[in-house]
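Written out below as structure tokens is the structure these notes cover.
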Amino acid sequence: MKKIAFSGTLDPITNGHLWVIQEARALADEVVVFISENPGKKPQFSAPERKDIIERSVAECGWHNVSVVIVKGDYTARAAKRHGIEYLVRGIRNTSDFDYENLIQQTNVDVLDGAKTIFVMPPRDLGSVSSSFVRALQGPVGWHWTVKKFMPMPAYIAWIKSWLRTDWQKLWEAEIDADDVDSAKLDHWFDYLTGDDAYGAGRRTYHNLDHLVHGLSEISAWASNTGANKSDVAILKKAFWFHDAVYGGEHTGLSNEEQSARLWLEASLGSQHAQEVADLIRVTDHFQSANLSHPLKDGMLGVDLAILGQAADTYDAYATAVRLEYSHVDDATYQAGRARVLSHFEAQAEAGKLFADAWFADLYTSQALVNIRREKALLK
């Protein structure tokens, strides 16, 4: 078979979709992915954005015989026929899928005189993976680590950046309404913070977009469970957005945290709490933290250290990512330094002082102690 097509909204493309495309590649010399624009749906990503995400996802797989076409104002089966394609391929996950897809297949052939459909069944581990399944996972703390398992990396990055943009825009609503900050400046700083010069940098394996999503999710959960007021939540989120904006790079005589605090102040984003935000960024610097006080200090440190109390697999991935960020350090030096840091955390956890904020202490202390001791044992 020369050509075969796969179609869908693909908002976003998942590993389940990629499996179907791979099956299609085994059936034909060329695969055309049709993105349908359905006026009845409100996708998270525009058709051109989805096209770009799919193209980057298949390129990452090394598939050079897959192209992507946007279908506007027509049925996919009929568009396929116009492209000289006689068959569509669709994934069937269960009997409900079959009943629905079989009805569509009959309509395509008998009513629209369009392409016929070949059905394929995905493996068990992908049987429930769909765009709606992925979207339903969004929200609670750690949601991004879960969805990451079911999406190609280009789709995942696009997804969390979309989530981050929504969080960023909501954060500044009051300032925008009061004309205290320029929307263009906010767009610039969002692009900077999520781009290659900050959290989006490829060299960052831990202090990256994942860390940013995790921290912001923790703040929202903390606020919901402690009844924190909106102003405090906004101050805390602004500080977290900038707290690791500077990480690594050339030595300037200033800590990363101090440089990040100064970057925040230089951004001049119009916040009436600018100095408070800067101080909260500085409390994440252990050299300055003891000398700084702020009502939200314990919350800020709780958010920053929350990774220590995550499930074992998440913590182990964090430990591996930290090692990669220090790949320029030899094993012996790294292990000695890391052991000192972990011993400090362990002593604090044993004393009930790792998390000064009551919410984080109750939630994470026990698991943090288990995780820290496990990593320490592996360093020996």
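By order in the structure tokens, chains are A, B, ...; within a chain, residues start at 1; ligands start at 1, following the order shown.
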- Members of range 114-327 of chain A assigned helix (DSSP H, G or I) by DSSP, as a PyMOL selection string: chain A and resi 124-126+131-136+143-150+153-171+173-177+183-193+209-226+230-243+256-267+274-282+286-289+297-309+312-325
- Non-local contacts of range 78-93 of chain A (7 Å; only C-alpha atoms; under 6 positions in same chain excluded) as a list in words: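 Contacts, in chain order: Lys3, Ile4, Ala5, Phe6, Val20, Ala24, Leu112, Asp113, Gly114, Ala115, Lys116, Thr117, Ile118, Phe119, Val120, Met121, Pro122, Gly127 and Ser128 of chain A.
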Could you save those same residues with C-alpha atoms as a short mmCIF file (atom, residue, chain, number, x, y, z; two decimals), in the first residue's frame?
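Result saved to again.cif:
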```
data_model
loop_
_atom_site.label_atom_id
_atom_site.label_comp_id
_atom_site.auth_asym_id
_atom_site.auth_seq_id
_atom_site.Cartn_x
_atom_site.Cartn_y
_atom_site.Cartn_z
CA LYS A 3 -0.53 5.68 1.38
CA ILE A 4 -2.68 5.36 4.46
CA ALA A 5 -4.21 8.04 6.69
CA PHE A 6 -4.82 8.51 10.38
CA VAL A 20 -1.51 3.76 15.74
CA ALA A 24 0.09 2.57 9.87
CA LEU A 112 -19.71 10.08 1.74
CA ASP A 113 -18.03 7.76 -0.75
CA GLY A 114 -14.86 8.25 1.26
CA ALA A 115 -11.94 6.12 2.37
CA LYS A 116 -12.51 2.80 4.09
CA THR A 117 -11.23 2.11 7.61
CA ILE A 118 -8.76 -0.46 8.91
CA PHE A 119 -9.06 -1.12 12.65
CA VAL A 120 -6.08 -1.94 14.89
CA MET A 121 -6.07 -2.79 18.59
CA PRO A 122 -3.43 -1.19 20.84
CA GLY A 127 -5.69 0.68 25.89
CA SER A 128 -7.01 3.57 27.97
#
```
- Select from range 60-273 of chain A everything DSSP, run on the backbone, classes as strand (DSSP E), then give the selection as an MDAnalysis selection string. chainID A and resid 66:71 87:91 116:120
- Near-Cys61 in chain A list (12 Å; only C-alpha atoms; drop same-chain fewer than 6 positions) as a list of chain:residue names: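 In the requested form, the answer reads A:Asn15, A:Leu18, A:Trp19, A:Ile21, A:Gln22, A:Ile54, A:Glu55, A:Pro152, A:Met153, A:Pro154.
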Just-selected residues, N, CA, C and O atoms written as a PDB file, in the first residue's frame:
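Result saved to selection29.pdb:
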```
ATOM      1  N   ASN A  15       0.762   8.888  23.363  1.00  0.00           N
ATOM      2  CA  ASN A  15       1.508   7.701  22.959  1.00  0.00           C
ATOM      3  C   ASN A  15       0.593   6.672  22.296  1.00  0.00           C
ATOM      4  O   ASN A  15       1.041   5.863  21.490  1.00  0.00           O
ATOM      5  N   LEU A  18       0.511   7.706  18.729  1.00  0.00           N
ATOM      6  CA  LEU A  18       1.773   7.354  18.084  1.00  0.00           C
ATOM      7  C   LEU A  18       1.835   5.863  17.765  1.00  0.00           C
ATOM      8  O   LEU A  18       2.398   5.464  16.737  1.00  0.00           O
ATOM      9  N   TRP A  19       1.255   5.046  18.636  1.00  0.00           N
ATOM     10  CA  TRP A  19       1.244   3.599  18.368  1.00  0.00           C
ATOM     11  C   TRP A  19       0.452   3.303  17.094  1.00  0.00           C
ATOM     12  O   TRP A  19       0.875   2.496  16.272  1.00  0.00           O
ATOM     13  N   ILE A  21      -0.059   5.346  14.593  1.00  0.00           N
ATOM     14  CA  ILE A  21       0.729   5.842  13.458  1.00  0.00           C
ATOM     15  C   ILE A  21       1.834   4.851  13.119  1.00  0.00           C
ATOM     16  O   ILE A  21       2.127   4.594  11.943  1.00  0.00           O
ATOM     17  N   GLN A  22       2.442   4.270  14.135  1.00  0.00           N
ATOM     18  CA  GLN A  22       3.488   3.264  13.898  1.00  0.00           C
ATOM     19  C   GLN A  22       2.909   2.048  13.185  1.00  0.00           C
ATOM     20  O   GLN A  22       3.531   1.495  12.251  1.00  0.00           O
ATOM     21  N   ILE A  54       2.572  17.589  16.397  1.00  0.00           N
ATOM     22  CA  ILE A  54       2.613  16.252  15.797  1.00  0.00           C
ATOM     23  C   ILE A  54       3.864  16.094  14.939  1.00  0.00           C
ATOM     24  O   ILE A  54       4.555  15.061  15.004  1.00  0.00           O
ATOM     25  N   GLU A  55       4.181  17.107  14.158  1.00  0.00           N
ATOM     26  CA  GLU A  55       5.373  17.032  13.302  1.00  0.00           C
ATOM     27  C   GLU A  55       6.637  16.874  14.131  1.00  0.00           C
ATOM     28  O   GLU A  55       7.529  16.091  13.783  1.00  0.00           O
ATOM     29  N   PRO A 152       4.218  12.089  23.962  1.00  0.00           N
ATOM     30  CA  PRO A 152       5.563  12.357  23.442  1.00  0.00           C
ATOM     31  C   PRO A 152       6.047  13.687  24.000  1.00  0.00           C
ATOM     32  O   PRO A 152       5.241  14.569  24.335  1.00  0.00           O
ATOM     33  N   MET A 153       7.357  13.858  24.106  1.00  0.00           N
ATOM     34  CA  MET A 153       7.906  15.027  24.784  1.00  0.00           C
ATOM     35  C   MET A 153       7.459  16.362  24.167  1.00  0.00           C
ATOM     36  O   MET A 153       7.125  17.298  24.913  1.00  0.00           O
ATOM     37  N   PRO A 154       7.436  16.528  22.844  1.00  0.00           N
ATOM     38  CA  PRO A 154       6.964  17.815  22.301  1.00  0.00           C
ATOM     39  C   PRO A 154       5.542  18.157  22.736  1.00  0.00           C
ATOM     40  O   PRO A 154       5.233  19.316  23.002  1.00  0.00           O
TER      41      PRO A 154
END
```
- Distance query Ala261 in chain A at most 8 Å, only C-alpha atoms, self and fewer than 5 positions along chain excluded, as a PyMOL selection string: chain A and resi 242-243+277-279+281-282
Write out the residues from the selection above, keeping C-alpha atoms, as a PDB file, in the first residue's frame.
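In the end it all went to out35.pdb:
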```pdb
ATOM      1  CA  PHE A 242      11.395  33.686  39.709  1.00  0.00           C
ATOM      2  CA  HIS A 243      13.190  31.760  42.476  1.00  0.00           C
ATOM      3  CA  VAL A 277       8.683  38.759  46.581  1.00  0.00           C
ATOM      4  CA  ALA A 278      12.430  39.402  46.376  1.00  0.00           C
ATOM      5  CA  ASP A 279      12.850  38.445  50.047  1.00  0.00           C
ATOM      6  CA  ILE A 281      13.202  34.331  46.605  1.00  0.00           C
ATOM      7  CA  ARG A 282      16.184  34.941  48.880  1.00  0.00           C
TER       8      ARG A 282
END
```
- Message: I want to know what sits within 8 Å of Asn371 in chain A, based on only C-alpha atoms, with residues of the same chain fewer than 4 positions away left out; could you give that as JSON, numbers by chain?
- Response: {"A": [308, 309, 312, 315, 367, 375]}
Would you save the residues of that selection, restricted to N, CA and C atoms, as a JSON list (two decimals), in the first residue's frame?
```json
[["chain", "number", "residue", "atom", "x", "y", "z"],
["A", 308, "LEU", "N", 11.08, 16.35, 48.27],
["A", 308, "LEU", "CA", 11.68, 15.35, 49.15],
["A", 308, "LEU", "C", 10.65, 14.35, 49.67],
["A", 309, "GLY", "N", 9.38, 14.77, 49.73],
["A", 309, "GLY", "CA", 8.36, 13.90, 50.30],
["A", 309, "GLY", "C", 7.46, 13.24, 49.28],
["A", 312, "ALA", "N", 8.24, 7.28, 45.97],
["A", 312, "ALA", "CA", 9.61, 6.80, 45.75],
["A", 312, "ALA", "C", 10.08, 6.96, 44.31],
["A", 315, "TYR", "N", 10.75, 10.65, 43.62],
["A", 315, "TYR", "CA", 11.96, 11.10, 44.32],
["A", 315, "TYR", "C", 13.21, 10.56, 43.63],
["A", 367, "GLN", "N", 7.54, 10.47, 54.51],
["A", 367, "GLN", "CA", 8.05, 9.96, 53.23],
["A", 367, "GLN", "C", 9.40, 10.56, 52.90],
["A", 375, "GLU", "N", 18.33, 7.23, 49.50],
["A", 375, "GLU", "CA", 19.36, 7.81, 48.64],
["A", 375, "GLU", "C", 20.72, 7.80, 49.30]]
```
